[in-house]
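Encoded as structure tokens, the structure appears first; notes follow it.
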Amino acid sequence: MQNALQNLFLSLVNVAVVLAVAPFFEGIIRKLTAMVQSRQGPPVAQPYFDLLKLLGKEDIESGESPAMQRFSSYLSLATLLVVAAILPVGGRAVLGGSVDCILLIYLLTLSGIATLLAGLAAGSTYSLMGMSREMMCMMLLEPLFAVALLIGALHTGSLRLDAILNGSVYSSAGFPFSGYLMLGVMLFSLQAFVGRLPFDVTEAETEIMEGPLMEYSGPKLAMFKYARMAKLVIYCFLLVALFAPWGCGSGDYLMNWLLLLAKVAVVVVLVTVVAATHARYRIDQVIRYYGILLGISLLALGLAVFGY
Amino acid sequence: MPAWKILNRIKERFAAAVERTDVPANNRLFVHVRPGDLREVCRHVFRDMDARYVISIGWDDRPHSGGFVVSHHFSFDKAGVLCCVLVRLPGDHPKVDSVSEIIPGANWAEREFQDLLGICPEGHPWPKRLVLPDGWPEGVHPLRKDVAWNHVPEGYNHDAEHRFEDPPPGCVVVPFGPFHPTLDEPEHFRLYVEGEFVRGCEYRGFMVHRGIEKLGDSVLTYNDIPMAAERICGICGSVHNVAYAQAVEQAAALGVPLRAEYVRTIMLELERLHSHLLWVGLACHIVGFDTLFMQSFRIREPVMWMAEKISGNRKTYALCVIGGVRWEITHDLKDEMRAMLKTLEKEWLAVAGAVKGDRNLQKRTKGIGVTSKELVKEMGLVGPIARAAGVNIDCRRDLPYAAYDKVDFDVVVHEGGDVWSRVLVRVLEVFESIRIIRQCLDRMPDGPLQAKLNGELPVGRLGVSSVEAPRGESHHMVVTGENNRPRRWRVRAPTYQNLQGIPAMIKDQRLADMTISLGSIDPCFSCTDRVETLDIRTGGSQVYTQTELLQMTRQR
């Protein structure tokens with residue numbers, strides 16, 4: 001009984017931390033981008049205020065099917081929070097080790113589907129166009145992460161999340177070619193996973209005016225924005241846990257968290273700098289790019305099967 | 001080749017057709033021809049003599065000669081001659097042979113005089129309404145002299161909607177506008193999209209047409225118009241200001257003091273600097289490269305301060321009066337300007353290096369929005385669009401005005417014809433502008449800033465003037481008149497021609513490239529529509545209906 005309570009508590013801490021730090025990292029991105037662009041930039045706390053402002057606004061029903069729109073906005077944040085809840089911090093199993101990487105893959109895909117639903121439910125031309133772009137990207141992008149997790153599973157022989165999200169990609173029998181290959185793939189696709197330039201084609205303000213989110217305002221928009229911020233933290237976390245777990249395995253819980261957040265901050269800085277120095281790719285260029293990455297990741301998977 | 005030689009060549013072919021000629025200067029030519037021969041003369045000038053089409057203009061001359069006049073303007077860029085082919089038409093049911101079949105770029109201009117003057121272009125391929133609002137009744141033509149500038153006809157329906165053509169089968173309509181976040185000006189393209197590809201489009205503009213030309217020939221006076229003219233555009237206002245003043249000066253054969261010519265040149269180049277810096281920034285923004293967008297705006301800011309120091313305004317310099325300029329460039333200002341140019345040059349070199357080396361940017365702009373030399377010729381495209389397609393035209397060199405014949409500069413030409421070439425042309429033109437200003441500062445003579453005017457300006461004379469705006473040639477025509485105001489004043493901004501090239505540029509391209517293709521001509525819808533006004537009060541909490549807004553605008 002006590003064990004179960006502790007498990008629940010750890011999950012809740014995960015959710016609370018992600019919710020608390022996500023706007024902060026967004027603030028860092030904005031401030032850093034401003035510095036690159038010779039601007040003053042907003043205060044780091046601005047995203048918190050933005051969310052509060054949006055949450056306090058009138059909830060306008062504009063679009064084809066309001067009920068579906070509301071559902072999709074909650075779904076987008078909720079799935080990411082569930083992902084946060086099952087993250088094993090410092091290799092510590094969550095929910096008694098009963099979660100596996102299949103669930104993680106499902107949840108991550110579901111968060112993409114929330115965006116599809118949002119665009120579909122809004123029903124305007126630009127939303128639908130953003131939706132079709134999102135769908136094209138998802139089909140190529142989601143397998144990348146699945147492959148990374150699968151490689152870990154192959155190496156460790158377990159599907160348990162706490163086993164895999166602990167640098168498992170390197171724990172092959174021979175030299176971990178597949179792990180390093182996958183690290184490269186993930187670094188090149190990270191911008192796409194977190195929806196930042198040069199891969200923000202599904203929202204591209206100057207092309208399709210925020211795409212799926214075009215019809216959203218007020219609290220519903222706040223949900224999507226919050227989800228986007230949470231997504232950044234979670235993907236950075238996953239990247240760190242999969243590929244750079246060093247120092248997180250031991251020590252006390254608090255130290256694990258601090259080290260993890262510091263690593264996430266480094267990745268966030270990387271994301272920002274890439275976003276600030278690149279122009280947006282066109283959708284066909286994006287698809288081709290993802291295709292190449294998918295090819296490489298399948299190669300890595302092949303290597304992993306043979307124990308490299 | 002001076003104007004009279006061109007005239008002789010036209011006369012060789014069409015001796016009987018030419019009714020009257022006028023060669024007021026070596027670089028201006030007015031040929032009056034018989035209406036029946038107009039089409040053939042235009043074909044000869046445009047095709048055989050390879051002149052560039054500029055614009056077609058109609059005006060109501062009934063109070064003076066009892067009829068209407070239509071004038072087709074051409075430019076012989078290599079010879080440096082502006083040539084106008086004019087026809088006189090009867091006062092009742094005026095009709096003129098359409099030249100749009102021969103010169104596709106004349107499409108809009110002919111529809112415009114059909115709307116505004118009721119001159120019917122016979123044989124026009126697509127005589128759909130262009131300028132007038134959709135609820136405007138047939139048979140009322142606002143630019144006619146018997147229609148008052150504030151006349152609202154019986155039966156005008158404010159709420160009438162535009163009737164768009166049906167899209168081709170298999171295509172979805174994607175609206176681009178009336179307001180789109182990337183362009184911040186009203187325009188409405190209806191794109192026919194198949195998947196991600198644009199197969200065609202229809203354009204509806206002129207939504208902010210305020211009839212500034214009508215004001216010019218019925219309310220304002222000669223020296224008021226420069227003020228109104230520069231409010232045509234928020235970016236290249238001074239261009240219109242100078243072009244109008246030059247057109248009047250040319251019509252009245254009025255000399256301008258040399259120092260004033262230099263001041264005009266400096267201000268025009270300052271304007272080009274800020275416009276090009278702004279455009280490179282915006283182009284980067286459109287493809288999502290906001291860092292360079294912000295940097296180029298930062299670099300641009302001192303140019304605005306400089307303009308403010310000279311004229312008191314960041315924009316709308318209020319530079320010209322007929323026969324001169326208002327503002328002096330003092331010794332202190334010269335030094336400051338030199339220092340400003342030095343920093344600008346250094347910083348822009350860094351930007352130019354960054355732009356040229358950016359493969360990411362090239363991926364988005366190479367092979368996009370391509371114009372061929374043929375398209376440039378057919379549609380009369382001008383400015384960086386033409387120069388990026390390898391067409392070596394620049395009014396500053398070809399039809400020199402102000403002090404451009406007294407300074408050295410290169411015309412930047414690229415062969416690519418795509419958006420990337422346009423980026424390069426504009427980036428490099430910044431350095432040429434810096435060079436021109438430096439030379440002007442060194443060579444400026446002392447002297448008066450305004451010519452002395454003796455009495456009234458002569459009446460009934462024609463003046464045409466082309467000024468190379470940052471976006472291309474701005475062309476003004478003035479017919480001088482009574483009561484201290486022109487009888488007709490016509491503005492042709494570069495976007496008027498360049499926009500007509502857009503359907504060909506975006507056809508069979510991806511939708512994602514639409515914004516950068518359109519952005520690459522630096523479209524100025526307010527220039528095309530001629531004066532957009534913005535009332536900051538309407539930004540307040542009260543929501544006005546269209547009718548209320550119209551009432552408010554008419555109260556004063």
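For the structure tokens, the naming scheme is as follows: chains receive sequential letters (A, B, ...) according to their order of presentation, residues are indexed from 1 within each chain, and ligands are indexed from 1 in presentation order.
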For the structure I just gave you, how does DSSP split stretch 303-479 of chain B - specifically, which residues are alpha helix (DSSP H)? Reply as a VMD selection string.
chain B and resid 303 to 311 331 to 357 359 to 365 373 to 379 384 to 388 395 to 398 419 to 443
Atoms kept (C-alpha atoms) for selection, written as a short mmCIF file (atom, residue, chain, number, x, y, z; two decimals), in the first residue's frame:
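That gives us selection_1.cif:
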```
data_model
loop_
_atom_site.label_atom_id
_atom_site.label_comp_id
_atom_site.auth_asym_id
_atom_site.auth_seq_id
_atom_site.Cartn_x
_atom_site.Cartn_y
_atom_site.Cartn_z
CA VAL B 303 18.67 55.69 -41.97
CA MET B 304 15.28 56.65 -40.57
CA TRP B 305 16.92 58.93 -38.00
CA MET B 306 18.89 60.57 -40.77
CA ALA B 307 15.75 61.24 -42.76
CA GLU B 308 14.13 62.66 -39.66
CA LYS B 309 17.05 65.00 -39.10
CA ILE B 310 16.82 66.32 -42.63
CA SER B 311 13.09 66.56 -43.08
CA HIS B 331 27.60 70.69 -43.47
CA ASP B 332 26.91 69.08 -40.10
CA LEU B 333 24.35 66.79 -41.65
CA LYS B 334 26.79 65.81 -44.38
CA ASP B 335 29.32 64.67 -41.82
CA GLU B 336 26.71 62.78 -39.85
CA MET B 337 25.46 61.14 -43.01
CA ARG B 338 28.94 60.03 -43.99
CA ALA B 339 29.42 58.46 -40.58
CA MET B 340 26.01 56.78 -40.80
CA LEU B 341 26.83 55.38 -44.25
CA LYS B 342 30.13 54.04 -43.01
CA THR B 343 28.52 52.03 -40.21
CA LEU B 344 25.73 50.95 -42.51
CA GLU B 345 28.15 49.71 -45.15
CA LYS B 346 30.11 47.73 -42.59
CA GLU B 347 27.04 46.13 -41.05
CA TRP B 348 25.43 45.45 -44.41
CA LEU B 349 28.57 43.71 -45.63
CA ALA B 350 28.14 41.29 -42.74
CA VAL B 351 24.47 40.76 -43.61
CA ALA B 352 25.26 40.33 -47.29
CA GLY B 353 27.84 37.72 -46.37
CA ALA B 354 25.37 35.91 -44.15
CA VAL B 355 22.66 35.97 -46.80
CA LYS B 356 24.91 34.79 -49.60
CA GLY B 357 26.27 31.93 -47.54
CA ARG B 359 22.10 27.51 -47.90
CA ASN B 360 18.90 27.23 -45.95
CA LEU B 361 17.66 30.53 -47.41
CA GLN B 362 18.75 29.49 -50.88
CA LYS B 363 16.75 26.30 -50.60
CA ARG B 364 13.62 28.31 -50.03
CA THR B 365 14.23 30.92 -52.71
CA LYS B 373 12.82 37.69 -69.89
CA GLU B 374 9.73 37.12 -72.03
CA LEU B 375 7.41 37.60 -69.07
CA VAL B 376 9.21 40.80 -68.16
CA LYS B 377 8.67 42.07 -71.68
CA GLU B 378 5.04 40.95 -72.01
CA MET B 379 3.86 42.26 -68.66
CA PRO B 384 14.54 44.40 -59.21
CA ILE B 385 12.14 41.84 -60.72
CA ALA B 386 13.29 42.72 -64.22
CA ARG B 387 16.94 43.12 -63.25
CA ALA B 388 16.92 39.77 -61.45
CA CYS B 395 15.44 54.56 -64.93
CA ARG B 396 18.24 56.20 -63.01
CA ARG B 397 20.60 55.37 -65.85
CA ASP B 398 18.24 55.03 -68.82
CA VAL B 419 13.37 34.99 -55.75
CA TRP B 420 16.97 34.30 -54.79
CA SER B 421 18.21 36.57 -57.61
CA ARG B 422 15.86 39.28 -56.41
CA VAL B 423 17.30 38.97 -52.92
CA LEU B 424 20.82 39.32 -54.32
CA VAL B 425 19.92 42.28 -56.53
CA ARG B 426 18.41 44.15 -53.62
CA VAL B 427 21.22 43.28 -51.24
CA LEU B 428 23.81 44.58 -53.70
CA GLU B 429 21.84 47.67 -54.67
CA VAL B 430 22.24 48.88 -51.12
CA PHE B 431 25.97 49.32 -51.76
CA GLU B 432 25.28 51.24 -54.96
CA SER B 433 22.94 53.57 -53.09
CA ILE B 434 25.62 54.21 -50.50
CA ARG B 435 28.02 55.02 -53.34
CA ILE B 436 25.58 57.43 -54.95
CA ILE B 437 24.90 59.31 -51.73
CA ARG B 438 28.62 59.66 -51.02
CA GLN B 439 29.25 61.11 -54.46
CA CYS B 440 26.34 63.50 -54.10
CA LEU B 441 27.62 64.72 -50.75
CA ASP B 442 31.03 65.41 -52.31
CA ARG B 443 29.84 67.04 -55.51
#
```
Counting only C-alpha atoms, which residues of chain A sit at most 7 Å from some atom of chain B, and what is each one's closest atom pair with its distance in Å to one decimal, listed by chain and rising residue number, as JSON lines?
```
{"residue": "A:Val36", "atom": "CA", "partner": "B:Thr291", "partner_atom": "CA", "distance": 6.9}
{"residue": "A:Gln37", "atom": "CA", "partner": "B:Thr291", "partner_atom": "CA", "distance": 5.0}
{"residue": "A:Ser38", "atom": "CA", "partner": "B:Gln295", "partner_atom": "CA", "distance": 6.8}
{"residue": "A:Thr125", "atom": "CA", "partner": "B:Val174", "partner_atom": "CA", "distance": 6.8}
{"residue": "A:Thr206", "atom": "CA", "partner": "B:Thr182", "partner_atom": "CA", "distance": 5.3}
{"residue": "A:Glu207", "atom": "CA", "partner": "B:Ala512", "partner_atom": "CA", "distance": 5.7}
{"residue": "A:Ala276", "atom": "CA", "partner": "B:Thr291", "partner_atom": "CA", "distance": 5.8}
{"residue": "A:Thr277", "atom": "CA", "partner": "B:Thr291", "partner_atom": "CA", "distance": 6.6}
{"residue": "A:His278", "atom": "CA", "partner": "B:Phe289", "partner_atom": "CA", "distance": 5.8}
{"residue": "A:Ala279", "atom": "CA", "partner": "B:Phe289", "partner_atom": "CA", "distance": 4.2}
{"residue": "A:Arg280", "atom": "CA", "partner": "B:Gly288", "partner_atom": "CA", "distance": 5.0}
{"residue": "A:Tyr281", "atom": "CA", "partner": "B:Arg364", "partner_atom": "CA", "distance": 6.7}
{"residue": "A:Arg282", "atom": "CA", "partner": "B:Ala512", "partner_atom": "CA", "distance": 6.5}
```
Report the residues of stretch 140-258 of chain B whose backbone DSSP state falls under strand (DSSP E), written as a VMD selection string.
chain B and resid 172 to 176 188 to 194 197 to 204
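Residue nearest B:Val459 within the list B:Gly417, B:Arg492, B:Ala251, B:Glu185: B:Ala251 [criterion: smallest interatomic distance, only C-alpha atoms].
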Would you mind listing what lies within 12 Å of stretch 172-186 of chain A as number ranges by chain, with only C-alpha atoms counted and same-chain residues fewer than 6 positions away left out?
A: 141-157, 192-194, 235-236, 238-244, 267, 289-308
Would you save the residues from that selection as a CSV table (one decimal), in the first residue's frame, using N, CA and C atoms?
```
chain,number,residue,atom,x,y,z
A,141,LEU,N,7.8,11.0,-38.8
A,141,LEU,CA,8.5,11.4,-37.6
A,141,LEU,C,8.4,10.4,-36.5
A,142,GLU,N,7.1,10.0,-36.2
A,142,GLU,CA,6.9,9.2,-35.0
A,142,GLU,C,7.7,7.9,-35.0
A,143,PRO,N,7.9,7.2,-36.2
A,143,PRO,CA,8.7,6.0,-36.2
A,143,PRO,C,10.1,6.2,-35.7
A,144,LEU,N,10.6,7.4,-35.9
A,144,LEU,CA,12.0,7.6,-35.5
A,144,LEU,C,12.2,7.4,-34.0
A,145,PHE,N,11.2,7.9,-33.2
A,145,PHE,CA,11.3,7.7,-31.8
A,145,PHE,C,11.1,6.3,-31.4
A,146,ALA,N,10.1,5.7,-32.1
A,146,ALA,CA,9.9,4.3,-31.8
A,146,ALA,C,11.1,3.4,-32.0
A,147,VAL,N,11.8,3.8,-33.1
A,147,VAL,CA,13.0,3.0,-33.4
A,147,VAL,C,14.1,3.2,-32.3
A,148,ALA,N,14.2,4.4,-31.8
A,148,ALA,CA,15.2,4.7,-30.8
A,148,ALA,C,14.9,3.8,-29.6
A,149,LEU,N,13.6,3.8,-29.2
A,149,LEU,CA,13.2,3.0,-28.0
A,149,LEU,C,13.4,1.5,-28.2
A,150,LEU,N,13.1,1.1,-29.5
A,150,LEU,CA,13.2,-0.3,-29.8
A,150,LEU,C,14.6,-0.7,-29.8
A,151,ILE,N,15.5,0.1,-30.2
A,151,ILE,CA,16.9,-0.2,-30.1
A,151,ILE,C,17.3,-0.5,-28.7
A,152,GLY,N,16.9,0.4,-27.8
A,152,GLY,CA,17.1,0.3,-26.4
A,152,GLY,C,16.6,-1.0,-25.9
A,153,ALA,N,15.3,-1.4,-26.3
A,153,ALA,CA,14.7,-2.6,-25.9
A,153,ALA,C,15.5,-3.8,-26.3
A,154,LEU,N,16.0,-3.7,-27.6
A,154,LEU,CA,16.8,-4.8,-28.1
A,154,LEU,C,18.0,-5.1,-27.3
A,155,HIS,N,18.7,-4.0,-26.9
A,155,HIS,CA,19.9,-4.1,-26.2
A,155,HIS,C,19.7,-4.6,-24.8
A,156,THR,N,18.7,-4.1,-24.1
A,156,THR,CA,18.5,-4.5,-22.7
A,156,THR,C,17.6,-5.8,-22.6
A,157,GLY,N,16.9,-6.1,-23.7
A,157,GLY,CA,16.0,-7.2,-23.6
A,157,GLY,C,14.8,-7.0,-22.7
A,192,ALA,N,12.2,19.1,-35.1
A,192,ALA,CA,10.9,18.7,-35.6
A,192,ALA,C,10.0,18.1,-34.5
A,193,PHE,N,10.5,17.3,-33.6
A,193,PHE,CA,9.7,16.8,-32.5
A,193,PHE,C,9.1,17.9,-31.7
A,194,VAL,N,9.9,18.9,-31.4
A,194,VAL,CA,9.4,20.0,-30.5
A,194,VAL,C,8.7,21.1,-31.4
A,235,TYR,N,10.3,16.1,-24.6
A,235,TYR,CA,11.2,15.5,-25.6
A,235,TYR,C,12.7,15.7,-25.2
A,236,CYS,N,13.0,16.9,-24.7
A,236,CYS,CA,14.4,17.1,-24.2
A,236,CYS,C,14.7,16.0,-23.1
A,238,LEU,N,13.4,13.1,-22.7
A,238,LEU,CA,13.5,11.7,-23.3
A,238,LEU,C,14.9,11.6,-24.0
A,239,LEU,N,15.2,12.7,-24.7
A,239,LEU,CA,16.5,12.6,-25.4
A,239,LEU,C,17.7,12.4,-24.4
A,240,VAL,N,17.6,13.2,-23.3
A,240,VAL,CA,18.6,13.1,-22.3
A,240,VAL,C,18.6,11.7,-21.7
A,241,ALA,N,17.4,11.2,-21.3
A,241,ALA,CA,17.4,9.9,-20.7
A,241,ALA,C,17.8,8.8,-21.6
A,242,LEU,N,17.6,8.9,-22.8
A,242,LEU,CA,18.0,7.9,-23.8
A,242,LEU,C,19.4,7.9,-24.1
A,243,PHE,N,19.9,9.1,-24.3
A,243,PHE,CA,21.3,9.2,-24.8
A,243,PHE,C,22.3,9.8,-23.9
A,244,ALA,N,21.9,10.5,-22.9
A,244,ALA,CA,22.9,11.1,-22.0
A,244,ALA,C,22.5,11.0,-20.5
A,267,VAL,N,20.0,21.3,-23.8
A,267,VAL,CA,19.3,20.9,-25.0
A,267,VAL,C,18.4,22.0,-25.5
A,289,TYR,N,13.6,15.2,-46.0
A,289,TYR,CA,14.6,15.2,-44.9
A,289,TYR,C,14.2,14.1,-43.9
A,290,TYR,N,12.9,14.0,-43.5
A,290,TYR,CA,12.5,13.0,-42.5
A,290,TYR,C,12.7,11.6,-43.1
A,291,GLY,N,12.4,11.5,-44.4
A,291,GLY,CA,12.6,10.2,-45.1
A,291,GLY,C,14.0,9.7,-45.0
A,292,ILE,N,15.0,10.6,-45.2
A,292,ILE,CA,16.4,10.2,-45.0
A,292,ILE,C,16.7,9.8,-43.6
A,293,LEU,N,16.2,10.5,-42.6
A,293,LEU,CA,16.4,10.2,-41.2
A,293,LEU,C,15.8,8.8,-40.9
A,294,LEU,N,14.6,8.6,-41.5
A,294,LEU,CA,14.0,7.3,-41.2
A,294,LEU,C,14.8,6.2,-41.8
A,295,GLY,N,15.4,6.4,-43.0
A,295,GLY,CA,16.2,5.4,-43.6
A,295,GLY,C,17.4,5.1,-42.7
A,296,ILE,N,18.1,6.1,-42.2
A,296,ILE,CA,19.2,5.9,-41.3
A,296,ILE,C,18.8,5.2,-40.0
A,297,SER,N,17.7,5.5,-39.5
A,297,SER,CA,17.3,4.9,-38.2
A,297,SER,C,16.9,3.4,-38.4
A,298,LEU,N,16.4,3.1,-39.6
A,298,LEU,CA,16.1,1.7,-39.9
A,298,LEU,C,17.5,0.9,-40.0
A,299,LEU,N,18.5,1.6,-40.6
A,299,LEU,CA,19.8,1.0,-40.6
A,299,LEU,C,20.3,0.7,-39.2
A,300,ALA,N,20.1,1.7,-38.3
A,300,ALA,CA,20.5,1.5,-36.9
A,300,ALA,C,19.8,0.4,-36.3
A,301,LEU,N,18.5,0.3,-36.6
A,301,LEU,CA,17.7,-0.8,-36.0
A,301,LEU,C,18.3,-2.2,-36.5
A,302,GLY,N,18.7,-2.2,-37.8
A,302,GLY,CA,19.3,-3.4,-38.3
A,302,GLY,C,20.6,-3.8,-37.6
A,303,LEU,N,21.4,-2.8,-37.3
A,303,LEU,CA,22.6,-3.0,-36.6
A,303,LEU,C,22.3,-3.5,-35.2
A,304,ALA,N,21.3,-2.9,-34.6
A,304,ALA,CA,21.0,-3.3,-33.2
A,304,ALA,C,20.5,-4.8,-33.1
A,305,VAL,N,19.8,-5.2,-34.2
A,305,VAL,CA,19.4,-6.6,-34.2
A,305,VAL,C,20.6,-7.5,-34.2
A,306,PHE,N,21.6,-7.1,-34.9
A,306,PHE,CA,22.8,-8.0,-34.9
A,306,PHE,C,23.8,-7.6,-33.7
A,307,GLY,N,23.3,-6.9,-32.8
A,307,GLY,CA,24.0,-6.8,-31.5
A,307,GLY,C,25.1,-5.6,-31.5
A,308,TYR,N,25.0,-4.7,-32.5
A,308,TYR,CA,25.9,-3.6,-32.5
A,308,TYR,C,25.3,-2.3,-31.9
```
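Minimum distance to B:Val147 across B:Asp166, B:Asp60, B:Glu202, B:Asp134 (counting only C-alpha atoms) occurs at B:Asp60.
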Can you list, as a ChimeraX atom specification, every protein, DNA or RNA residue that comes within 6 Å of B:His240 when you count only C-alpha atoms, leaving out same-chain residues fewer than 3 positions away?
/B:229-230,237,243-244
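Neighbours of stretch 52-54 of chain A closer than or equal to 7 Å, with only C-alpha atoms counted and sequence neighbours fewer than 3 positions away skipped, come out as Tyr48, Phe49, Lys57, Gly218, Pro219 and Ala222 of chain A.
Our summary of the geometry notes that atom CA of A:Pro88 is positioned 5.4 Å from atom CA of A:Asp162.
Coordinates place atom CA of A:Val233 at a distance of 18.7 Å from atom CA of A:Leu221.
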For A:Leu87: contacts at 9 Å, only C-alpha atoms, fewer than 6 positions along chain excluded, given as a PyMOL selection string
chain A and resi 11+14+93-94+161-162+165+234+237-238
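In this structure, atom CA of B:Val242 sits 12.8 Å away from atom CA of B:Val478.
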From the options A:Leu159, A:Ala84, A:Leu116, A:Ala227, which residue's atoms come nearest to A:Arg133, counting only C-alpha atoms?
A:Leu116
